[in-house]
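A.B. asks: The following file, data-v9.cif, comprises mmCIF, C-alpha atoms:
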```
data_run
#
loop_
_atom_site.label_atom_id
_atom_site.label_comp_id
_atom_site.auth_asym_id
_atom_site.auth_seq_id
_atom_site.Cartn_x
_atom_site.Cartn_y
_atom_site.Cartn_z
CA MET Y 1 0.00 0.00 0.00
CA SER Y 2 1.34 3.42 -0.87
CA GLU Y 3 0.23 7.02 -0.96
CA GLU Y 4 1.52 10.06 -2.76
CA PRO Y 5 3.78 12.01 -0.34
CA ASP Y 6 1.55 15.10 -0.41
CA LEU Y 7 -1.50 12.96 0.49
CA VAL Y 8 -0.01 11.35 3.60
CA PRO Y 9 -1.62 12.95 6.68
CA THR Y 10 0.79 14.44 9.20
CA PRO Y 11 0.40 12.62 12.54
CA LYS Y 12 -1.33 14.68 15.22
CA ASP Y 13 0.16 14.68 18.71
CA ALA Y 14 -1.76 12.52 21.19
CA SER Y 15 -1.33 11.28 24.74
CA THR Y 16 -2.42 7.95 26.20
CA VAL Y 17 -2.29 7.03 29.89
CA ILE Y 18 -2.04 3.47 31.17
CA LEU Y 19 -3.66 3.58 34.60
CA VAL Y 20 -2.40 0.87 36.96
CA ARG Y 21 -3.24 -0.34 40.44
CA ASP Y 22 -2.30 -3.16 42.80
CA GLY Y 23 -5.18 -5.63 42.92
CA ASP Y 24 -5.71 -9.04 44.52
CA PRO Y 25 -4.57 -10.88 41.36
CA GLY Y 26 -1.55 -8.59 40.97
CA LEU Y 27 -0.92 -5.60 38.72
CA GLU Y 28 -4.14 -4.41 37.07
CA LEU Y 29 -4.71 -2.02 34.17
CA PHE Y 30 -7.71 0.12 33.30
CA LEU Y 31 -9.13 -0.52 29.83
CA LEU Y 32 -12.07 0.92 27.96
CA ARG Y 33 -13.88 -0.32 24.87
CA ARG Y 34 -14.57 2.55 22.53
CA VAL Y 35 -18.03 3.08 21.12
CA GLY Y 36 -18.44 1.35 17.77
CA GLY Y 37 -18.58 3.57 14.72
CA MET Y 38 -16.12 6.15 16.04
CA ALA Y 39 -13.84 7.61 13.40
CA PHE Y 40 -10.72 6.22 15.05
CA ALA Y 41 -10.45 2.82 16.77
CA GLY Y 42 -14.22 2.37 17.06
CA GLY Y 43 -15.06 -0.80 19.00
CA MET Y 44 -11.43 -1.31 20.02
CA THR Y 45 -10.25 -1.88 23.59
CA VAL Y 46 -7.77 0.85 24.49
CA PHE Y 47 -6.26 2.90 27.31
CA PRO Y 48 -7.63 6.38 28.06
CA GLY Y 49 -6.24 9.07 25.80
CA GLY Y 50 -6.74 11.39 22.87
CA GLY Y 51 -5.40 14.20 20.75
CA VAL Y 52 -3.55 17.22 22.08
CA ASP Y 53 -5.50 20.51 22.05
CA LEU Y 54 -3.85 23.88 21.42
CA SER Y 55 -4.98 24.91 24.90
CA ASP Y 56 -2.92 22.08 26.40
CA ALA Y 57 0.22 24.18 25.88
CA ASP Y 58 -1.00 26.83 28.36
CA ALA Y 59 2.22 28.22 29.87
CA SER Y 60 0.54 29.64 32.99
CA LEU Y 61 -0.46 26.34 34.62
CA GLU Y 62 0.93 25.36 38.03
CA TRP Y 63 3.19 22.33 37.66
CA ALA Y 64 4.63 19.80 40.10
CA GLY Y 65 7.28 17.29 39.17
CA PRO Y 66 10.06 17.03 36.59
CA PRO Y 67 10.44 20.24 34.57
CA VAL Y 68 9.15 20.36 31.02
CA GLU Y 69 12.76 20.17 29.79
CA TRP Y 70 13.04 16.68 31.34
CA TRP Y 71 9.90 15.54 29.55
CA ALA Y 72 11.14 17.13 26.34
CA GLU Y 73 14.36 15.11 26.53
CA ARG Y 74 12.54 11.86 27.30
CA PHE Y 75 10.13 12.23 24.37
CA GLY Y 76 12.51 13.94 21.95
CA VAL Y 77 10.44 17.11 21.49
CA ASP Y 78 10.75 20.79 22.36
CA PRO Y 79 9.61 21.98 25.84
CA SER Y 80 6.38 23.59 24.62
CA ARG Y 81 5.31 20.40 22.90
CA ALA Y 82 6.33 18.33 25.93
CA LYS Y 83 4.16 20.46 28.22
CA ALA Y 84 1.20 20.08 25.88
CA LEU Y 85 1.65 16.29 25.83
CA VAL Y 86 1.73 16.05 29.63
CA CYS Y 87 -1.26 18.38 30.04
CA ALA Y 88 -3.19 16.41 27.43
CA ALA Y 89 -2.41 13.20 29.33
CA VAL Y 90 -3.86 14.64 32.53
CA ARG Y 91 -6.85 16.20 30.76
CA GLU Y 92 -7.79 13.13 28.73
CA THR Y 93 -7.53 10.86 31.76
CA PHE Y 94 -9.92 13.12 33.65
CA GLU Y 95 -12.35 13.42 30.72
CA GLU Y 96 -12.44 9.73 29.88
CA CYS Y 97 -12.42 8.06 33.29
CA GLY Y 98 -12.69 10.74 35.98
CA VAL Y 99 -9.17 10.29 37.34
CA LEU Y 100 -7.56 13.67 38.01
CA LEU Y 101 -3.79 13.85 38.47
CA ALA Y 102 -3.86 17.23 40.17
CA GLY Y 103 -4.02 18.65 43.68
CA ALA Y 104 -4.40 21.79 45.73
CA THR Y 105 -0.65 21.85 46.42
CA HIS Y 106 2.51 20.42 44.88
CA ASP Y 107 2.40 17.42 47.22
CA THR Y 108 -1.32 16.61 47.43
CA VAL Y 109 -3.82 15.11 45.02
CA VAL Y 110 -7.60 15.40 44.77
CA ALA Y 111 -9.20 12.55 46.71
CA ASP Y 112 -12.70 12.76 45.22
CA THR Y 113 -13.37 14.09 41.72
CA SER Y 114 -17.17 13.79 41.83
CA GLN Y 115 -17.41 17.49 42.71
CA TYR Y 116 -16.05 18.27 39.25
CA ARG Y 117 -18.56 16.16 37.28
CA ALA Y 118 -20.13 19.16 35.50
CA ASP Y 119 -16.72 20.55 34.60
CA ARG Y 120 -15.70 17.17 33.23
CA GLU Y 121 -18.69 17.19 30.90
CA ARG Y 122 -17.90 20.73 29.76
CA LEU Y 123 -14.28 19.76 29.10
CA GLU Y 124 -15.38 16.83 26.96
CA LYS Y 125 -17.71 19.10 24.97
CA ARG Y 126 -14.89 21.67 24.61
CA GLU Y 127 -16.98 24.30 26.38
CA LEU Y 128 -14.16 24.77 28.90
CA THR Y 129 -10.39 24.54 28.55
CA PHE Y 130 -8.34 22.48 30.96
CA GLY Y 131 -6.28 25.52 31.85
CA GLU Y 132 -9.40 27.50 32.75
CA PHE Y 133 -10.63 24.64 34.93
CA LEU Y 134 -7.34 24.20 36.80
CA THR Y 135 -6.86 27.92 37.31
CA ARG Y 136 -10.39 28.47 38.64
CA GLU Y 137 -10.06 25.55 41.07
CA ASN Y 138 -6.48 26.49 42.08
CA LEU Y 139 -5.22 23.04 41.13
CA VAL Y 140 -1.64 22.02 40.39
CA ILE Y 141 -0.86 19.46 37.67
CA ARG Y 142 0.94 16.51 39.30
CA ALA Y 143 3.28 15.62 36.46
CA ASP Y 144 5.34 13.67 38.99
CA LEU Y 145 2.56 11.07 39.11
CA LEU Y 146 3.16 10.24 35.43
CA ARG Y 147 5.98 8.25 33.88
CA PRO Y 148 6.94 8.30 30.17
CA TRP Y 149 6.46 4.85 28.68
CA ALA Y 150 6.40 4.56 24.85
CA ASN Y 151 5.90 6.36 21.53
CA TRP Y 152 3.85 4.91 18.67
CA ILE Y 153 2.99 6.56 15.37
CA THR Y 154 -0.03 5.53 13.29
CA PRO Y 155 1.15 3.79 10.09
CA ILE Y 156 1.21 5.53 6.73
CA GLY Y 157 -1.93 4.42 4.91
CA GLU Y 158 -4.38 5.36 7.66
CA LYS Y 159 -6.57 8.42 7.09
CA ARG Y 160 -6.25 9.49 10.73
CA ARG Y 161 -2.72 9.43 12.08
CA TYR Y 162 -1.40 10.14 15.58
CA ASP Y 163 2.03 10.52 17.11
CA THR Y 164 1.09 9.07 20.49
CA ARG Y 165 3.12 9.26 23.66
CA PHE Y 166 2.22 6.63 26.24
CA PHE Y 167 2.41 7.35 29.97
CA VAL Y 168 1.82 5.19 33.04
CA ALA Y 169 0.24 6.39 36.29
CA VAL Y 170 -1.11 4.85 39.47
CA VAL Y 171 -4.71 5.76 40.29
CA PRO Y 172 -4.55 8.16 43.26
CA SER Y 173 -5.89 6.93 46.59
CA GLY Y 174 -9.60 7.65 46.94
CA GLN Y 175 -10.25 8.15 43.24
CA GLN Y 176 -12.28 5.73 41.13
CA ALA Y 177 -11.86 5.25 37.39
CA ASP Y 178 -15.19 5.04 35.58
CA GLY Y 179 -16.70 4.91 32.10
CA GLU Y 180 -18.86 8.00 32.27
CA THR Y 181 -17.84 9.38 28.90
CA SER Y 182 -19.54 9.43 25.52
CA GLU Y 183 -16.57 7.58 24.02
CA ALA Y 184 -16.72 4.44 26.19
CA ALA Y 185 -19.08 1.52 25.64
CA ALA Y 186 -17.60 -0.40 28.60
CA VAL Y 187 -14.68 -0.19 31.03
CA SER Y 188 -12.87 -2.76 33.16
CA TRP Y 189 -9.80 -3.54 35.23
CA HIS Y 190 -7.71 -6.53 34.16
CA THR Y 191 -4.29 -7.96 34.76
CA PRO Y 192 -2.27 -7.79 31.54
CA GLU Y 193 -2.46 -11.57 31.29
CA ALA Y 194 -6.26 -11.58 31.68
CA ALA Y 195 -6.66 -8.84 29.06
CA ILE Y 196 -4.53 -10.78 26.59
CA ALA Y 197 -6.46 -14.00 27.33
CA GLN Y 198 -9.73 -12.17 26.71
CA TRP Y 199 -8.35 -10.94 23.38
CA ARG Y 200 -7.23 -14.45 22.42
CA ARG Y 201 -10.78 -15.68 22.99
CA GLY Y 202 -12.02 -13.07 20.55
CA GLU Y 203 -13.79 -11.07 23.25
CA SER Y 204 -11.92 -7.84 22.52
CA ILE Y 205 -10.05 -6.13 19.71
CA LEU Y 206 -6.54 -4.88 20.44
CA LEU Y 207 -4.51 -2.75 18.08
CA PRO Y 208 -0.72 -3.37 18.04
CA PRO Y 209 0.23 -0.54 20.45
CA THR Y 210 -2.27 -1.67 23.10
CA TRP Y 211 -1.32 -5.33 22.74
CA THR Y 212 2.37 -4.46 23.01
CA GLN Y 213 1.88 -2.47 26.23
CA LEU Y 214 -0.08 -5.36 27.73
CA GLU Y 215 2.67 -7.79 26.78
CA THR Y 216 5.32 -5.48 28.24
CA LEU Y 217 3.44 -4.85 31.49
CA SER Y 218 2.82 -8.57 32.00
CA ARG Y 219 6.50 -8.71 33.08
CA PHE Y 220 5.85 -6.46 36.08
CA THR Y 221 4.46 -7.65 39.41
CA ASP Y 222 3.22 -4.41 41.00
CA THR Y 223 2.86 -0.66 40.57
CA ALA Y 224 6.11 0.08 42.36
CA SER Y 225 8.11 -1.88 39.79
CA VAL Y 226 6.28 -0.14 36.93
CA LEU Y 227 7.01 3.32 38.33
CA ALA Y 228 10.64 2.40 38.89
CA ALA Y 229 11.12 1.31 35.28
CA GLU Y 230 12.96 3.55 32.84
CA PRO Y 231 12.06 2.23 29.38
CA GLU Y 232 14.00 3.42 26.38
CA ILE Y 233 11.53 5.41 24.31
CA GLU Y 234 12.10 5.07 20.59
CA PRO Y 235 9.40 6.10 18.08
CA ILE Y 236 7.72 3.04 16.59
CA LEU Y 237 6.21 3.46 13.12
CA PRO Y 238 4.50 0.20 12.10
CA LEU Y 239 4.30 -0.78 8.45
CA LEU Y 240 0.80 -1.20 7.04
CA HIS Y 241 0.66 -3.42 3.96
CA THR Y 242 -1.40 -6.08 2.22
CA VAL Y 243 -0.88 -9.84 2.39
CA ASP Y 244 -3.16 -12.07 0.29
CA GLY Y 245 -5.76 -9.34 0.04
CA THR Y 246 -5.93 -8.49 3.76
CA LEU Y 247 -4.24 -5.81 5.83
CA ARG Y 248 -1.26 -6.56 8.02
CA VAL Y 249 0.68 -4.35 10.42
CA ASP Y 250 4.34 -5.12 10.97
CA PHE Y 251 5.95 -3.86 14.15
CA PRO Y 252 8.72 -4.89 16.61
CA GLY Y 253 7.86 -8.03 18.60
CA MET Y 254 4.79 -8.75 16.52
CA ASP Y 255 4.99 -12.57 16.34
CA GLY Y 256 2.68 -13.23 19.28
CA TYR Y 257 0.15 -10.77 17.90
CA TYR Y 258 -0.52 -12.99 14.90
CA GLU Y 259 -0.58 -16.33 16.73
CA ALA Y 260 -4.27 -15.81 17.53
CA GLY Y 261 -5.16 -15.74 13.84
CA PRO Y 262 -6.80 -13.09 11.64
CA HIS Y 263 -7.73 -9.80 13.27
CA PRO Y 264 -11.20 -8.22 12.92
CA TRP Y 265 -9.70 -5.01 11.57
CA ALA Y 266 -7.73 -6.88 8.87
CA GLY Y 267 -10.54 -7.03 6.30
CA PRO Y 268 -10.17 -6.58 2.56
CA SER Y 269 -7.40 -4.20 1.61
CA ARG Y 270 -8.33 -0.51 1.47
CA ALA Y 271 -5.79 0.13 -1.27
#
```
How would this structure read if it were set down as structure tokens?
C.D. replies:
Amino acid sequence: MSEEPDLVPTPKDASTVILVRDGDPGLELFLLRRVGGMAFAGGMTVFPGGGVDLSDADASLEWAGPPVEWWAERFGVDPSRAKALVCAAVRETFEECGVLLAGATHDTVVADTSQYRADRERLEKRELTFGEFLTRENLVIRADLLRPWANWITPIGEKRRYDTRFFVAVVPSGQQADGETSEAAAVSWHTPEAAIAQWRRGESILLPPTWTQLETLSRFTDTASVLAAEPEIEPILPLLHTVDGTLRVDFPGMDGYYEAGPHPWAGPSRA
């Protein structure tokens, strides 16, 4: 599959947050199944996240944790872009599952986000910017609660393309992740192994980046070990091509992804 260079969409910056917690079966991850029919990844099981807004680069926000220059170095971007990516990670996590990585001071975090339910809805509808919300509520972004994790770029050949930075974060004590968003058909907590087993049974659809993060996190036993990890972050640009009339995505460590057989998204070639 190929496209003329001037027709290839430029990837839009996006942030995705892998929320983790210590559960009875071990390390658990929060997953949501997107509403079917959505323009991007409809019906897929994913982690919370979405595109970066221009307002996410607001330079006036209170910030706790590593400086934007540290994030810029880890993700290989300039400081302004790094700040937007981190702010988008915090905003999208709040919009999509009600978890707010922010607090009244640099060393506290909101314990109950239900008081902000109306603001969450307004943020999702783009009636309110995240900066306006944080400033009005005198909240500080807790960037120190996030860890950089990976960088995946949507393959050439897709109409919608994203340059997505993955983060990991532990759900703050007292907060509850939910599915009260227009984008989620269902939400759940699973160990990485259980999520992969569900996928193997054909009960979910996982795109390569999500499957890869589940495989990677299956090697960790608890949240402490995840937060202590320092993964090398190299941009991954999968190759989208056609094999015997169906789509295939090639990416590092992909062998296990194809052991389960054909994927629901790999229908007739769109070429």
A.B. asks: Within 6 Å of range 73-86 of chain Y, counting only C-alpha atoms, which residues show up once you throw out same-chain ones fewer than 2 positions away? Write them as a ChimeraX atom specification, please.
C.D. replies: /Y:15,56-57,68-71,88-89
A.B. asks: Interatomic distance between CA of Gln176 in chain Y and CA of Glu95 in chain Y?
C.D. replies: 12.9 Å
A.B. asks: Skipping near chain neighbours, those fewer than 2 positions away, what residues fall within 6 Å of range 22-24 of chain Y using all atoms listed in the file, listed as a list in words?
C.D. replies: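 My list of contacting residues is Gly26, Leu27 and Asp222 of chain Y.
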A.B. asks: Taking (-5.2, -11.6, 34.8) in the file's own coordinates, collect the residues within 10 Å, counting all atoms listed in the file, and hand them back as a tab-separated table (two decimals) with C-alpha atoms, in the frame of the given file.
C.D. replies:
```
chain	number	residue	atom	x	y	z
Y	25	PRO	CA	-4.57	-10.88	41.36
Y	26	GLY	CA	-1.55	-8.59	40.97
Y	27	LEU	CA	-0.92	-5.60	38.72
Y	28	GLU	CA	-4.14	-4.41	37.07
Y	29	LEU	CA	-4.71	-2.02	34.17
Y	189	TRP	CA	-9.80	-3.54	35.23
Y	190	HIS	CA	-7.71	-6.53	34.16
Y	191	THR	CA	-4.29	-7.96	34.76
Y	192	PRO	CA	-2.27	-7.79	31.54
Y	193	GLU	CA	-2.46	-11.57	31.29
Y	194	ALA	CA	-6.26	-11.58	31.68
Y	195	ALA	CA	-6.66	-8.84	29.06
Y	196	ILE	CA	-4.53	-10.78	26.59
Y	197	ALA	CA	-6.46	-14.00	27.33
Y	198	GLN	CA	-9.73	-12.17	26.71
Y	218	SER	CA	2.82	-8.57	32.00
```
A.B. asks: Can you turn the PyMOL selection byres ((chain Y and resi 116-125) around 9) into a concrete residue list for this file, as JSON, numbers by chain?
C.D. replies: {"Y": [91, 92, 94, 95, 96, 98, 112, 113, 114, 115, 126, 127, 128, 129, 130, 133, 181, 182]}
A.B. asks: Any chance you could work out the residue set of the PyMOL selection byres ((chain Y and resi 158) around 10) here, as a VMD selection string?
C.D. replies: chain Y and resid 3 8 to 9 11 40 154 to 157 159 to 162 240 270
A.B. asks: Quick one: apply the PyMOL selection byres ((chain Y and resi 187) around 8) to the file and drop the selected residues here as a ChimeraX atom specification.
C.D. replies: /Y:30-33,178-179,184-186,188-189
A.B. asks: CA of Gly202 in chain Y and CA of Val171 in chain Y are how many Å apart?
C.D. replies: 28.2 Å
A.B. asks: Which of these, Y:Thr10, Y:Thr16, Y:Gln213, Y:Thr223, has the shortest distance to Arg165 in chain Y once you count all atoms listed in the file?
C.D. replies: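 Selected residue with least distance to Arg165 in chain Y: Y:Thr16.
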A.B. asks: Mind completing range 171-182 of chain Y with all heavy atoms? Output as a CSV table (one decimal), in the frame of the given file, please?
C.D. replies:
```
chain,number,residue,atom,x,y,z
Y,171,VAL,N,-3.5,5.0,39.9
Y,171,VAL,CA,-4.7,5.8,40.3
Y,171,VAL,C,-4.5,6.3,41.7
Y,171,VAL,O,-4.2,5.5,42.6
Y,171,VAL,CB,-5.9,4.8,40.2
Y,171,VAL,CG1,-7.2,5.6,40.7
Y,171,VAL,CG2,-6.2,4.4,38.8
Y,172,PRO,N,-4.7,7.6,41.9
Y,172,PRO,CA,-4.6,8.2,43.3
Y,172,PRO,C,-5.5,7.6,44.3
Y,172,PRO,O,-6.6,7.2,43.9
Y,172,PRO,CB,-4.8,9.7,43.1
Y,172,PRO,CG,-4.6,9.9,41.6
Y,172,PRO,CD,-5.0,8.6,40.9
Y,173,SER,N,-5.1,7.5,45.5
Y,173,SER,CA,-5.9,6.9,46.6
Y,173,SER,C,-7.2,7.7,46.7
Y,173,SER,O,-7.2,9.0,46.7
Y,173,SER,CB,-5.1,7.0,47.9
Y,173,SER,OG,-5.9,6.5,49.0
Y,174,GLY,N,-8.3,7.0,46.8
Y,174,GLY,CA,-9.6,7.6,46.9
Y,174,GLY,C,-10.3,7.9,45.6
Y,174,GLY,O,-11.6,8.0,45.6
Y,175,GLN,N,-9.6,7.9,44.5
Y,175,GLN,CA,-10.2,8.2,43.2
Y,175,GLN,C,-10.7,6.8,42.6
Y,175,GLN,O,-10.1,5.8,42.8
Y,175,GLN,CB,-9.3,8.9,42.3
Y,175,GLN,CG,-9.0,10.3,42.7
Y,175,GLN,CD,-8.3,11.1,41.6
Y,175,GLN,OE1,-8.6,10.9,40.5
Y,175,GLN,NE2,-7.5,12.1,42.0
Y,176,GLN,N,-11.7,6.9,41.8
Y,176,GLN,CA,-12.3,5.7,41.1
Y,176,GLN,C,-12.4,6.0,39.6
Y,176,GLN,O,-13.0,7.0,39.2
Y,176,GLN,CB,-13.7,5.4,41.7
Y,176,GLN,CG,-13.8,5.1,43.1
Y,176,GLN,CD,-13.1,3.8,43.5
Y,176,GLN,OE1,-13.1,2.8,42.7
Y,176,GLN,NE2,-12.5,3.7,44.7
Y,177,ALA,N,-11.7,5.1,38.8
Y,177,ALA,CA,-11.9,5.2,37.4
Y,177,ALA,C,-13.2,4.7,36.9
Y,177,ALA,O,-13.7,3.7,37.4
Y,177,ALA,CB,-10.7,4.5,36.7
Y,178,ASP,N,-13.9,5.4,36.0
Y,178,ASP,CA,-15.2,5.0,35.6
Y,178,ASP,C,-15.3,5.1,34.1
Y,178,ASP,O,-14.3,5.4,33.4
Y,178,ASP,CB,-16.3,5.9,36.2
Y,178,ASP,CG,-16.1,7.4,35.9
Y,178,ASP,OD1,-15.8,7.7,34.7
Y,178,ASP,OD2,-16.3,8.3,36.8
Y,179,GLY,N,-16.5,4.9,33.5
Y,179,GLY,CA,-16.7,4.9,32.1
Y,179,GLY,C,-17.7,5.9,31.7
Y,179,GLY,O,-18.4,5.8,30.7
Y,180,GLU,N,-17.8,7.0,32.5
Y,180,GLU,CA,-18.9,8.0,32.3
Y,180,GLU,C,-18.4,9.0,31.2
Y,180,GLU,O,-18.2,10.2,31.5
Y,180,GLU,CB,-19.2,8.7,33.6
Y,180,GLU,CG,-19.9,7.7,34.6
Y,180,GLU,CD,-20.2,8.4,35.9
Y,180,GLU,OE1,-20.2,9.6,35.9
Y,180,GLU,OE2,-20.5,7.7,36.9
Y,181,THR,N,-18.2,8.5,30.0
Y,181,THR,CA,-17.8,9.4,28.9
Y,181,THR,C,-18.6,8.9,27.7
Y,181,THR,O,-18.9,7.7,27.6
Y,181,THR,CB,-16.3,9.3,28.7
Y,181,THR,OG1,-16.0,9.9,27.4
Y,181,THR,CG2,-15.8,7.9,28.6
Y,182,SER,N,-18.8,9.8,26.7
Y,182,SER,CA,-19.5,9.4,25.5
Y,182,SER,C,-18.7,8.5,24.6
Y,182,SER,O,-19.3,7.9,23.7
Y,182,SER,CB,-19.9,10.7,24.8
Y,182,SER,OG,-18.8,11.4,24.4
```
